[in-house]
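Notes to accompany the following structure.
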Amino acid sequence: MIAENALTLVHVLAAFWYVMGLAAVQFPLIRGWRLEDVKIKAAAFEEASHYQGLLLVPGIIAVGVTGVFMWAQMDYNLITTGWLVTQESLYLVSLLVCVPLIGAGLRRTRLAALHAEKTGGITPELEEALAENVPIVFSGIATLLIPVMAYLAVFRPF
């Protein structure tokens, strides 16, 4: 009982860590996308990149590790419990699809913004990176998956 409660607390803290990371990446990312000043764009994308490495990636890894230990401690079968398999699948989509695509799109956009800042204006490379919207789309998908995963964990519907 004490181990279950301790693991649940650690898992909830890891989930908050992941959500903080996702928000800390999204806010400057959207700010950089909307503003016209190249210097502010570059600074915003730099900030988003910083929080990606500091909060987002470690947070999602911590959620997965603590979740596996927590559900195993609670004697749930990680392979045959339907709602848990669904949750694991959504987690893997977040971990293996959304987060890497956020990172790749952010890296491309950040480098293009830094290059544009050095040249003193918006470059075709930056315009092309901003036209793709990859990090914004996949951070939105990752955000939409969070309430679904929380619903599955709380209500265990099937």
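The chains in the structure tokens are called A, B, ... from first to last as shown; in each chain the residues are counted from 1, and the ligands are counted from 1 in the order shown.
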Spatial neighbours of A:Ala129, max dist 12 Å, only C-alpha atoms, sep filter under 4 positions, as a PyMOL selection string: chain A and resi 32-33+104-113+116+122-125+133-136
For stretch 143-154 of chain A, list every protein, DNA or RNA residue within 12 Å, evaluated using only C-alpha atoms, and leave out those in the same chain fewer than 2 positions away; present the list as a ChimeraX atom specification. /A:8,11-12,15-16,18-23,25-26,56,60,63-64,67,70-71,76,81-95,98-99,102,135-141,156-158
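The space separating atom CA of A:Arg31 from atom CA of A:Ala43 comes to 9.9 Å.
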